[in-house]
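Containing mmCIF, N, CA and C atoms and all ligand atoms: start-v4.cif.
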```cif
data_input
loop_
_atom_site.label_atom_id
_atom_site.label_comp_id
_atom_site.auth_asym_id
_atom_site.auth_seq_id
_atom_site.Cartn_x
_atom_site.Cartn_y
_atom_site.Cartn_z
N MET U 163 19.23 20.65 47.01
CA MET U 163 18.54 21.87 47.40
C MET U 163 18.48 22.83 46.21
N THR U 164 17.37 23.53 46.09
CA THR U 164 17.21 24.50 45.02
C THR U 164 17.02 25.88 45.63
N THR U 165 17.74 26.86 45.08
CA THR U 165 17.52 28.24 45.51
C THR U 165 16.98 29.04 44.34
N TYR U 166 16.23 30.10 44.61
CA TYR U 166 15.63 30.92 43.57
C TYR U 166 16.07 32.37 43.77
N ASN U 167 16.69 32.93 42.73
CA ASN U 167 17.10 34.33 42.76
C ASN U 167 16.18 35.12 41.84
N TRP U 168 15.53 36.12 42.39
CA TRP U 168 14.49 36.81 41.65
C TRP U 168 14.70 38.31 41.69
N SER U 169 14.80 38.95 40.50
CA SER U 169 14.82 40.41 40.47
C SER U 169 13.63 40.86 39.64
N ARG U 170 12.84 41.77 40.18
CA ARG U 170 11.58 42.17 39.56
C ARG U 170 11.80 43.32 38.60
N GLY U 171 11.11 43.31 37.49
CA GLY U 171 11.17 44.39 36.51
C GLY U 171 10.55 43.89 35.23
N ILE U 172 10.61 44.65 34.15
CA ILE U 172 10.05 44.19 32.88
C ILE U 172 10.90 43.03 32.38
N GLY U 173 10.24 41.92 32.11
CA GLY U 173 10.97 40.74 31.69
C GLY U 173 11.84 40.17 32.79
N SER U 174 11.41 40.35 34.03
CA SER U 174 12.24 39.90 35.15
C SER U 174 12.37 38.38 35.13
N THR U 175 13.51 37.91 35.56
CA THR U 175 13.83 36.49 35.45
C THR U 175 14.16 35.90 36.81
N ILE U 176 13.55 34.73 37.06
CA ILE U 176 13.93 33.94 38.22
C ILE U 176 14.94 32.91 37.74
N THR U 177 16.04 32.81 38.44
CA THR U 177 16.99 31.75 38.14
C THR U 177 16.80 30.63 39.16
N ALA U 178 16.46 29.45 38.67
CA ALA U 178 16.34 28.28 39.54
C ALA U 178 17.69 27.58 39.54
N VAL U 179 18.35 27.61 40.69
CA VAL U 179 19.67 26.99 40.80
C VAL U 179 19.53 25.70 41.59
N HIS U 180 19.58 24.58 40.88
CA HIS U 180 19.45 23.27 41.52
C HIS U 180 20.84 22.74 41.88
N ASP U 181 20.87 21.66 42.63
CA ASP U 181 22.16 21.06 42.98
C ASP U 181 22.96 20.71 41.72
N HIS U 182 22.27 20.17 40.70
CA HIS U 182 22.97 19.68 39.51
C HIS U 182 22.34 20.22 38.23
N GLY U 183 21.91 21.47 38.26
CA GLY U 183 21.32 22.05 37.06
C GLY U 183 20.75 23.42 37.34
N LEU U 184 20.20 24.03 36.29
CA LEU U 184 19.54 25.32 36.47
C LEU U 184 18.52 25.53 35.37
N ALA U 185 17.74 26.60 35.53
CA ALA U 185 16.81 27.04 34.49
C ALA U 185 16.45 28.49 34.77
N TYR U 186 15.96 29.15 33.72
CA TYR U 186 15.48 30.52 33.88
C TYR U 186 13.97 30.54 33.67
N MET U 187 13.30 31.38 34.47
CA MET U 187 11.85 31.54 34.34
C MET U 187 11.60 33.03 34.23
N THR U 188 11.31 33.49 33.01
CA THR U 188 11.20 34.92 32.74
C THR U 188 9.74 35.31 32.63
N GLU U 189 9.36 36.28 33.42
CA GLU U 189 7.97 36.76 33.35
C GLU U 189 7.72 37.33 31.96
N ILE U 190 6.66 36.86 31.33
CA ILE U 190 6.38 37.29 29.96
C ILE U 190 5.94 38.75 30.00
N PRO U 191 6.66 39.62 29.28
CA PRO U 191 6.31 41.04 29.33
C PRO U 191 4.84 41.26 28.98
N GLY U 192 4.18 42.10 29.76
CA GLY U 192 2.77 42.39 29.52
C GLY U 192 1.84 41.48 30.30
N THR U 193 2.43 40.55 31.05
CA THR U 193 1.61 39.66 31.89
C THR U 193 2.06 39.82 33.34
N ALA U 194 1.23 39.31 34.23
CA ALA U 194 1.64 39.23 35.63
C ALA U 194 1.77 37.76 35.98
N PHE U 195 2.98 37.35 36.24
CA PHE U 195 3.25 36.00 36.71
C PHE U 195 2.92 34.91 35.69
N CYS U 196 3.10 35.21 34.41
CA CYS U 196 3.12 34.15 33.39
C CYS U 196 4.58 34.01 32.98
N TYR U 197 5.09 32.80 33.02
CA TYR U 197 6.54 32.62 32.89
C TYR U 197 6.92 31.82 31.67
N HIS U 198 7.99 32.28 30.98
CA HIS U 198 8.63 31.49 29.94
C HIS U 198 9.84 30.80 30.56
N ILE U 199 9.83 29.47 30.54
CA ILE U 199 10.91 28.68 31.13
C ILE U 199 11.92 28.35 30.04
N SER U 200 13.18 28.65 30.30
CA SER U 200 14.21 28.41 29.28
C SER U 200 15.50 27.90 29.90
N HIS U 201 16.36 27.39 29.04
CA HIS U 201 17.70 26.94 29.42
C HIS U 201 17.67 25.88 30.52
N SER U 202 16.60 25.08 30.57
CA SER U 202 16.54 23.98 31.54
C SER U 202 17.72 23.06 31.29
N ASN U 203 18.45 22.77 32.33
CA ASN U 203 19.70 22.04 32.12
C ASN U 203 20.06 21.21 33.33
N VAL U 204 20.47 19.98 33.08
CA VAL U 204 21.07 19.13 34.11
C VAL U 204 22.52 18.91 33.68
N VAL U 205 23.45 18.99 34.60
CA VAL U 205 24.85 18.81 34.22
C VAL U 205 25.02 17.42 33.60
N PRO U 206 25.82 17.32 32.55
CA PRO U 206 25.90 16.06 31.78
C PRO U 206 26.13 14.81 32.63
N THR U 207 26.95 14.92 33.67
CA THR U 207 27.26 13.73 34.47
C THR U 207 26.07 13.24 35.29
N HIS U 208 25.03 14.04 35.40
CA HIS U 208 23.87 13.66 36.23
C HIS U 208 22.59 13.47 35.42
N ARG U 209 22.71 13.42 34.10
CA ARG U 209 21.51 13.24 33.27
C ARG U 209 21.06 11.79 33.28
N GLY U 210 19.80 11.59 32.96
CA GLY U 210 19.25 10.24 32.85
C GLY U 210 18.98 9.57 34.18
N LYS U 211 18.96 10.36 35.26
CA LYS U 211 18.73 9.80 36.60
C LYS U 211 17.44 10.35 37.22
N GLY U 212 16.64 11.02 36.43
CA GLY U 212 15.38 11.54 36.94
C GLY U 212 15.45 12.98 37.44
N LEU U 213 16.63 13.58 37.42
CA LEU U 213 16.74 14.94 37.97
C LEU U 213 16.04 15.97 37.09
N GLY U 214 16.11 15.77 35.77
CA GLY U 214 15.43 16.71 34.87
C GLY U 214 13.94 16.75 35.16
N SER U 215 13.35 15.58 35.39
CA SER U 215 11.92 15.50 35.72
C SER U 215 11.65 16.16 37.07
N LEU U 216 12.49 15.85 38.05
CA LEU U 216 12.31 16.40 39.40
C LEU U 216 12.41 17.92 39.39
N TYR U 217 13.45 18.43 38.76
CA TYR U 217 13.65 19.89 38.74
C TYR U 217 12.51 20.58 38.00
N HIS U 218 12.04 19.94 36.92
CA HIS U 218 10.93 20.51 36.16
C HIS U 218 9.70 20.70 37.07
N ARG U 219 9.36 19.67 37.82
CA ARG U 219 8.19 19.75 38.70
C ARG U 219 8.43 20.76 39.82
N GLU U 220 9.65 20.82 40.33
CA GLU U 220 9.95 21.81 41.37
C GLU U 220 9.73 23.23 40.85
N ARG U 221 10.14 23.47 39.61
CA ARG U 221 9.99 24.82 39.05
C ARG U 221 8.52 25.17 38.85
N LEU U 222 7.72 24.19 38.38
CA LEU U 222 6.29 24.45 38.23
C LEU U 222 5.65 24.74 39.59
N ASP U 223 6.06 23.96 40.60
CA ASP U 223 5.54 24.20 41.95
C ASP U 223 5.90 25.60 42.42
N HIS U 224 7.13 26.02 42.14
CA HIS U 224 7.58 27.32 42.62
C HIS U 224 6.78 28.45 41.98
N ILE U 225 6.60 28.41 40.67
CA ILE U 225 5.86 29.53 40.05
C ILE U 225 4.39 29.47 40.44
N GLU U 226 3.89 28.27 40.76
CA GLU U 226 2.50 28.20 41.26
C GLU U 226 2.38 28.94 42.59
N THR U 227 3.38 28.78 43.44
CA THR U 227 3.33 29.49 44.73
C THR U 227 3.37 31.00 44.54
N LEU U 228 3.91 31.45 43.42
CA LEU U 228 3.95 32.90 43.14
C LEU U 228 2.63 33.40 42.57
N GLY U 229 1.73 32.47 42.23
CA GLY U 229 0.45 32.86 41.66
C GLY U 229 0.40 32.76 40.14
N ALA U 230 1.35 32.05 39.55
CA ALA U 230 1.38 31.93 38.09
C ALA U 230 0.14 31.21 37.57
N THR U 231 -0.30 31.61 36.38
CA THR U 231 -1.43 30.94 35.74
C THR U 231 -1.03 30.23 34.46
N LEU U 232 0.13 30.56 33.91
CA LEU U 232 0.56 29.97 32.64
C LEU U 232 2.08 29.92 32.58
N ALA U 233 2.58 28.83 31.98
CA ALA U 233 4.01 28.74 31.65
C ALA U 233 4.14 28.41 30.17
N THR U 234 5.19 28.94 29.55
CA THR U 234 5.50 28.59 28.17
C THR U 234 6.94 28.10 28.10
N CYS U 235 7.26 27.38 27.04
CA CYS U 235 8.65 27.02 26.78
C CYS U 235 8.77 26.66 25.30
N VAL U 236 10.00 26.55 24.84
CA VAL U 236 10.29 26.11 23.48
C VAL U 236 11.22 24.93 23.57
N VAL U 237 10.89 23.85 22.85
CA VAL U 237 11.72 22.65 22.89
C VAL U 237 12.11 22.25 21.47
N ASN U 238 13.32 21.74 21.34
CA ASN U 238 13.77 21.20 20.06
C ASN U 238 13.01 19.90 19.79
N LYS U 239 12.51 19.76 18.58
CA LYS U 239 11.71 18.58 18.24
C LYS U 239 12.48 17.27 18.42
N ASN U 240 13.81 17.34 18.36
CA ASN U 240 14.63 16.12 18.51
C ASN U 240 15.02 15.84 19.96
N ASN U 241 14.58 16.67 20.88
CA ASN U 241 15.00 16.53 22.28
C ASN U 241 14.07 15.54 23.00
N VAL U 242 14.38 14.26 22.84
CA VAL U 242 13.49 13.20 23.34
C VAL U 242 13.27 13.33 24.84
N ALA U 243 14.34 13.55 25.61
CA ALA U 243 14.23 13.59 27.07
C ALA U 243 13.32 14.73 27.52
N GLU U 244 13.55 15.92 26.97
CA GLU U 244 12.74 17.08 27.40
C GLU U 244 11.29 16.92 26.95
N ILE U 245 11.07 16.38 25.77
CA ILE U 245 9.69 16.18 25.30
C ILE U 245 8.96 15.18 26.20
N LYS U 246 9.64 14.14 26.65
CA LYS U 246 9.01 13.20 27.59
C LYS U 246 8.60 13.92 28.87
N ILE U 247 9.50 14.76 29.37
CA ILE U 247 9.20 15.50 30.61
C ILE U 247 7.98 16.38 30.42
N LEU U 248 7.92 17.07 29.28
CA LEU U 248 6.79 17.98 29.04
C LEU U 248 5.49 17.19 28.88
N GLN U 249 5.54 16.07 28.16
CA GLN U 249 4.33 15.26 27.96
C GLN U 249 3.78 14.77 29.29
N ARG U 250 4.66 14.34 30.16
CA ARG U 250 4.22 13.76 31.44
C ARG U 250 3.74 14.79 32.43
N ASN U 251 4.00 16.04 32.13
CA ASN U 251 3.61 17.09 33.06
C ASN U 251 2.55 18.02 32.49
N GLY U 252 1.80 17.52 31.52
CA GLY U 252 0.59 18.21 31.09
C GLY U 252 0.77 19.40 30.17
N TRP U 253 1.92 19.46 29.46
CA TRP U 253 2.13 20.58 28.55
C TRP U 253 1.39 20.36 27.24
N LYS U 254 0.95 21.48 26.63
CA LYS U 254 0.36 21.44 25.29
C LYS U 254 1.43 21.80 24.27
N PHE U 255 1.46 21.05 23.18
CA PHE U 255 2.42 21.30 22.11
C PHE U 255 1.68 22.09 21.04
N LEU U 256 1.97 23.41 20.96
CA LEU U 256 1.11 24.32 20.22
C LEU U 256 1.49 24.51 18.77
N HIS U 257 2.79 24.66 18.51
CA HIS U 257 3.17 25.13 17.17
C HIS U 257 4.62 24.79 16.86
N GLU U 258 4.84 24.21 15.71
CA GLU U 258 6.21 23.93 15.25
C GLU U 258 6.69 25.08 14.38
N PHE U 259 7.93 25.44 14.54
CA PHE U 259 8.50 26.50 13.71
C PHE U 259 10.00 26.26 13.55
N PRO U 260 10.60 26.83 12.50
CA PRO U 260 12.01 26.54 12.24
C PRO U 260 12.96 27.39 13.07
N ASP U 261 14.06 26.77 13.48
CA ASP U 261 15.21 27.50 14.01
C ASP U 261 16.16 27.65 12.83
N LYS U 262 16.14 28.82 12.19
CA LYS U 262 16.88 28.99 10.93
C LYS U 262 18.38 28.87 11.14
N GLU U 263 18.85 29.35 12.30
CA GLU U 263 20.29 29.34 12.53
C GLU U 263 20.83 27.92 12.58
N ARG U 264 20.09 27.03 13.28
CA ARG U 264 20.58 25.65 13.44
C ARG U 264 19.92 24.68 12.46
N GLU U 265 19.01 25.20 11.62
CA GLU U 265 18.28 24.35 10.67
C GLU U 265 17.62 23.18 11.38
N GLU U 266 16.93 23.50 12.48
CA GLU U 266 16.21 22.49 13.25
C GLU U 266 14.78 22.96 13.44
N THR U 267 13.95 22.07 13.99
CA THR U 267 12.56 22.41 14.24
C THR U 267 12.32 22.56 15.74
N LEU U 268 11.69 23.65 16.10
CA LEU U 268 11.36 23.91 17.50
C LEU U 268 9.85 23.80 17.69
N ILE U 269 9.44 23.59 18.94
CA ILE U 269 8.02 23.51 19.26
C ILE U 269 7.71 24.48 20.40
N LEU U 270 6.72 25.33 20.16
CA LEU U 270 6.24 26.23 21.22
C LEU U 270 5.22 25.47 22.07
N CYS U 271 5.43 25.49 23.38
CA CYS U 271 4.58 24.72 24.30
C CYS U 271 4.03 25.64 25.39
N CYS U 272 2.90 25.25 25.96
CA CYS U 272 2.39 25.99 27.11
C CYS U 272 1.74 25.04 28.10
N ARG U 273 1.61 25.50 29.32
CA ARG U 273 0.98 24.68 30.37
C ARG U 273 0.25 25.60 31.34
N ASP U 274 -1.01 25.25 31.61
CA ASP U 274 -1.73 25.95 32.67
C ASP U 274 -1.07 25.62 34.00
N ILE U 275 -1.06 26.56 34.88
CA ILE U 275 -0.48 26.34 36.21
C ILE U 275 -1.60 26.36 37.25
N GLY U 276 -1.55 25.39 38.13
CA GLY U 276 -2.48 25.39 39.23
C GLY U 276 -3.73 24.56 39.02
N GLU U 277 -3.91 24.07 37.77
CA GLU U 277 -5.12 23.29 37.52
C GLU U 277 -4.83 21.92 36.91
N VAL U 278 -3.70 21.79 36.21
CA VAL U 278 -3.42 20.56 35.49
C VAL U 278 -2.67 19.59 36.40
N PRO U 279 -3.20 18.39 36.65
CA PRO U 279 -2.48 17.43 37.49
C PRO U 279 -1.25 16.90 36.80
N TYR U 280 -0.22 16.60 37.58
CA TYR U 280 0.97 15.97 37.02
C TYR U 280 0.63 14.58 36.50
N LYS U 281 1.39 14.14 35.50
CA LYS U 281 1.16 12.82 34.91
C LYS U 281 2.41 11.96 35.06
N ALA U 282 3.13 12.17 36.15
CA ALA U 282 4.44 11.54 36.30
C ALA U 282 4.36 10.02 36.27
N ASP U 283 3.23 9.45 36.67
CA ASP U 283 3.14 8.00 36.74
C ASP U 283 2.49 7.38 35.51
N GLN U 284 2.17 8.23 34.52
CA GLN U 284 1.47 7.70 33.35
C GLN U 284 2.42 7.55 32.18
N GLN U 285 2.19 6.55 31.38
CA GLN U 285 2.98 6.32 30.17
C GLN U 285 2.23 6.92 28.98
N GLY U 286 2.92 7.08 27.88
CA GLY U 286 2.24 7.38 26.62
C GLY U 286 2.30 8.84 26.23
N GLU U 287 1.68 9.13 25.11
CA GLU U 287 1.74 10.44 24.50
C GLU U 287 0.74 11.38 25.17
N SER U 288 1.07 12.66 25.13
CA SER U 288 0.12 13.65 25.59
C SER U 288 -1.05 13.74 24.62
N GLU U 289 -2.25 13.92 25.14
CA GLU U 289 -3.40 14.05 24.25
C GLU U 289 -3.37 15.37 23.49
N ASN U 290 -2.46 16.25 23.91
CA ASN U 290 -2.40 17.56 23.28
C ASN U 290 -1.28 17.68 22.25
N ASP U 291 -0.68 16.54 21.87
CA ASP U 291 0.41 16.59 20.91
C ASP U 291 -0.05 17.19 19.59
N ILE U 292 0.83 17.95 18.96
CA ILE U 292 0.52 18.43 17.61
C ILE U 292 0.91 17.34 16.63
C1 LIG U 301 16.72 17.60 28.88
C2 LIG U 301 17.37 17.34 30.24
C3 LIG U 301 17.10 18.54 31.15
C4 LIG U 301 16.73 16.09 30.86
O1 LIG U 301 17.32 15.87 32.12
P1 LIG U 301 17.51 14.37 32.68
O2 LIG U 301 17.93 14.48 34.10
O3 LIG U 301 18.39 13.60 31.77
O4 LIG U 301 15.99 13.85 32.58
P2 LIG U 301 15.38 12.56 33.28
O5 LIG U 301 16.46 11.68 33.80
O6 LIG U 301 14.34 13.05 34.23
O7 LIG U 301 14.71 11.83 32.05
C5 LIG U 301 13.49 12.25 31.50
C6 LIG U 301 13.03 11.20 30.51
O8 LIG U 301 13.86 11.25 29.33
C7 LIG U 301 14.49 10.00 29.14
N1 LIG U 301 15.84 10.27 28.66
C8 LIG U 301 16.84 10.85 29.36
N2 LIG U 301 17.90 11.01 28.56
C9 LIG U 301 17.54 10.50 27.34
C10 LIG U 301 18.21 10.39 26.11
N3 LIG U 301 19.46 10.81 25.94
N4 LIG U 301 17.55 9.84 25.08
C11 LIG U 301 16.28 9.41 25.22
N5 LIG U 301 15.58 9.51 26.38
C12 LIG U 301 16.22 10.06 27.41
C13 LIG U 301 14.50 9.31 30.47
O9 LIG U 301 14.58 7.91 30.34
C14 LIG U 301 13.17 9.77 31.03
O10 LIG U 301 12.13 9.03 30.45
P3 LIG U 301 11.36 7.91 31.29
O11 LIG U 301 10.75 8.63 32.44
O12 LIG U 301 10.43 7.33 30.32
O13 LIG U 301 12.43 6.96 31.75
C15 LIG U 301 18.90 17.09 30.12
O14 LIG U 301 19.09 16.02 29.22
C16 LIG U 301 19.68 18.28 29.65
O15 LIG U 301 20.14 19.09 30.45
N6 LIG U 301 19.87 18.40 28.31
C17 LIG U 301 20.62 19.50 27.72
C18 LIG U 301 19.85 20.80 27.81
C19 LIG U 301 18.47 20.68 27.22
O16 LIG U 301 18.25 20.06 26.19
N7 LIG U 301 17.53 21.33 27.88
C20 LIG U 301 16.14 21.39 27.46
C21 LIG U 301 15.89 22.76 26.91
S1 LIG U 301 14.20 22.87 26.30
#
```

Let me see the file written as structure tokens.
Amino acid sequence: MTTYNWSRGIGSTITAVHDHGLAYMTEIPGTAFCYHISHSNVVPTHRGKGLGSLYHRERLDHIETLGATLATCVVNKNNVAEIKILQRNGWKFLHEFPDKEREETLILCCRDIGEVPYKADQQGESENDI
């Protein structure tokens, strides 16, 4: 079961609390119902069982019910599991930039909400890869 705790305000954040994970969905300041999804996490003992994919789709469904039109996120270029999830769910990979603190490469991603069909059953790379 997933519960959603929502407090409204500038940069208001919804916390998605799943049975075995969580994520934050923060309304992008200056927009109405465009969300930046961050800290997506499945507890280590439950990873690799499809929960990350399931929770991801649940969160997209939830913000769609709120009337969202766009979601953004940032993913580490080396994060194979999360990149697979994003590719299969219609995200665009917009821009690579450095994480100076960790000396790693991050990717800014976005996804239209409400119009892009899920690609959960399809294999292969996203056509929108950078
Ligand atoms: C990223 C994360 C949420 C994925 O959750 P998960 O429950 O393991 O994801 P799933 O089981 O749905 O797997 C998604 C895909 O990644 C693959 N995968 C999972 N773990 C993997 C790993 N360690 N290496 C390579 N591929 C992996 C799965 O096989 C699956 O691909 P498939 O559909 O082709 O089989 C989880 O690993 C996590 O919490 N990581 C730490 C926090 C993090 O990196 N969050 C992302 C912030 S942007």

- Correct to one decimal, the distance atom C of Lys246 (chain U)-atom O8 of ligand LIG 301 (chain U) is 5.9 Å

- Task: Find the spatial neighbours of region 222-232 of chain U, counting only C-alpha atoms, within a cut-off of 8 Å - ignore same-chain residues fewer than 5 positions away - and output them as JSON, numbers by chain.
- Result: {"U": [194, 195, 196, 197, 272, 273, 274, 275, 276]}

How would the residues just picked look written out with N, CA and C atoms as a CSV table (one decimal), in the frame of the given file?
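As a result, selection23.csv now contains:
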```csv
chain,number,residue,atom,x,y,z
U,194,ALA,N,1.2,39.3,34.2
U,194,ALA,CA,1.6,39.2,35.6
U,194,ALA,C,1.8,37.8,36.0
U,195,PHE,N,3.0,37.4,36.2
U,195,PHE,CA,3.2,36.0,36.7
U,195,PHE,C,2.9,34.9,35.7
U,196,CYS,N,3.1,35.2,34.4
U,196,CYS,CA,3.1,34.2,33.4
U,196,CYS,C,4.6,34.0,33.0
U,197,TYR,N,5.1,32.8,33.0
U,197,TYR,CA,6.5,32.6,32.9
U,197,TYR,C,6.9,31.8,31.7
U,272,CYS,N,2.9,25.2,26.0
U,272,CYS,CA,2.4,26.0,27.1
U,272,CYS,C,1.7,25.0,28.1
U,273,ARG,N,1.6,25.5,29.3
U,273,ARG,CA,1.0,24.7,30.4
U,273,ARG,C,0.2,25.6,31.3
U,274,ASP,N,-1.0,25.2,31.6
U,274,ASP,CA,-1.7,26.0,32.7
U,274,ASP,C,-1.1,25.6,34.0
U,275,ILE,N,-1.1,26.6,34.9
U,275,ILE,CA,-0.5,26.3,36.2
U,275,ILE,C,-1.6,26.4,37.2
U,276,GLY,N,-1.6,25.4,38.1
U,276,GLY,CA,-2.5,25.4,39.2
U,276,GLY,C,-3.7,24.6,39.0
```

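Coordinates place CA of Cys271 (chain U) at a distance of 5.4 Å from CA of Lys254 (chain U).
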
- Select, from U:His257, U:Arg250, U:His180, U:His201, the residue with the minimum atom-to-atom distance to Tyr217 (chain U), counting only N, CA and C atoms.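 Under the stated criterion, the closest residue is U:His180.
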
- Query: Quick one: distance from CA of Thr234 (chain U) to CA of Thr207 (chain U) in Å, one decimal?
  - Reply: 27.1 Å

- List all protein, DNA and RNA residues that have an atom no more than 5 Å from any atom of ligand LIG 301 (chain U), counting all atoms listed in the file, and report them as a ChimeraX atom specification. /U:202-204,208-215,236-237,242-244

- Place a sphere of radius 12 Å on (12.8, 32.3, 30.5) in the file coordinates and name every protein, DNA or RNA residue with an atom inside or on its surface, counting only C-alpha atoms; give the answer as number ranges by chain. U: 173-178, 184-191, 195-202, 221, 233-236

- Query: Hey, can you pull every residue with an atom no more than 6 Å from (8.9, 19.5, 21.6), using all atoms listed in the file, and send it as a ChimeraX atom specification?
  - Reply: /U:237-239,245,268-269

File dump, residues just selected, N, CA and C atoms, as a PDB file, keeping the file's coordinate frame:
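Result file follows (result.pdb):
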```pdb
ATOM      1  N   VAL U 237      10.890  23.850  22.850  1.00  0.00           N
ATOM      2  CA  VAL U 237      11.720  22.650  22.890  1.00  0.00           C
ATOM      3  C   VAL U 237      12.110  22.250  21.470  1.00  0.00           C
ATOM      4  N   ASN U 238      13.320  21.740  21.340  1.00  0.00           N
ATOM      5  CA  ASN U 238      13.770  21.200  20.060  1.00  0.00           C
ATOM      6  C   ASN U 238      13.010  19.900  19.790  1.00  0.00           C
ATOM      7  N   LYS U 239      12.510  19.760  18.580  1.00  0.00           N
ATOM      8  CA  LYS U 239      11.710  18.580  18.240  1.00  0.00           C
ATOM      9  C   LYS U 239      12.480  17.270  18.420  1.00  0.00           C
ATOM     10  N   ILE U 245      11.070  16.380  25.770  1.00  0.00           N
ATOM     11  CA  ILE U 245       9.690  16.180  25.300  1.00  0.00           C
ATOM     12  C   ILE U 245       8.960  15.180  26.200  1.00  0.00           C
ATOM     13  N   LEU U 268      11.690  23.650  16.100  1.00  0.00           N
ATOM     14  CA  LEU U 268      11.360  23.910  17.500  1.00  0.00           C
ATOM     15  C   LEU U 268       9.850  23.800  17.690  1.00  0.00           C
ATOM     16  N   ILE U 269       9.440  23.590  18.940  1.00  0.00           N
ATOM     17  CA  ILE U 269       8.020  23.510  19.260  1.00  0.00           C
ATOM     18  C   ILE U 269       7.710  24.480  20.400  1.00  0.00           C
TER      19      ILE U 269
END
```

- Item | Given only C-alpha atoms as the counted atoms, nearest of U:Asp181, U:Pro206, U:Gly192, U:His218 to Gly252 (chain U) | U:His218

- Query: Hey, what does DSSP flag as helix (DSSP H, G or I) within region 222-273 of chain U? Can you give it to me as a PyMOL selection string?
  - Reply: chain U and resi 222-227+242-250

- Message: Quick check for you: according to DSSP on this backbone, which residues of region 175-254 of chain U are classed as strand (DSSP E)? Reply as a ChimeraX atom specification.
- Response: /U:175-180,183-189,196-204,232-238,254

- Task: Select, from U:Ile247, U:Trp253, U:Trp168, U:Asn240, the residue with the minimum atom-to-atom distance to Glu266 (chain U), counting all atoms listed in the file.
- Result: U:Asn240
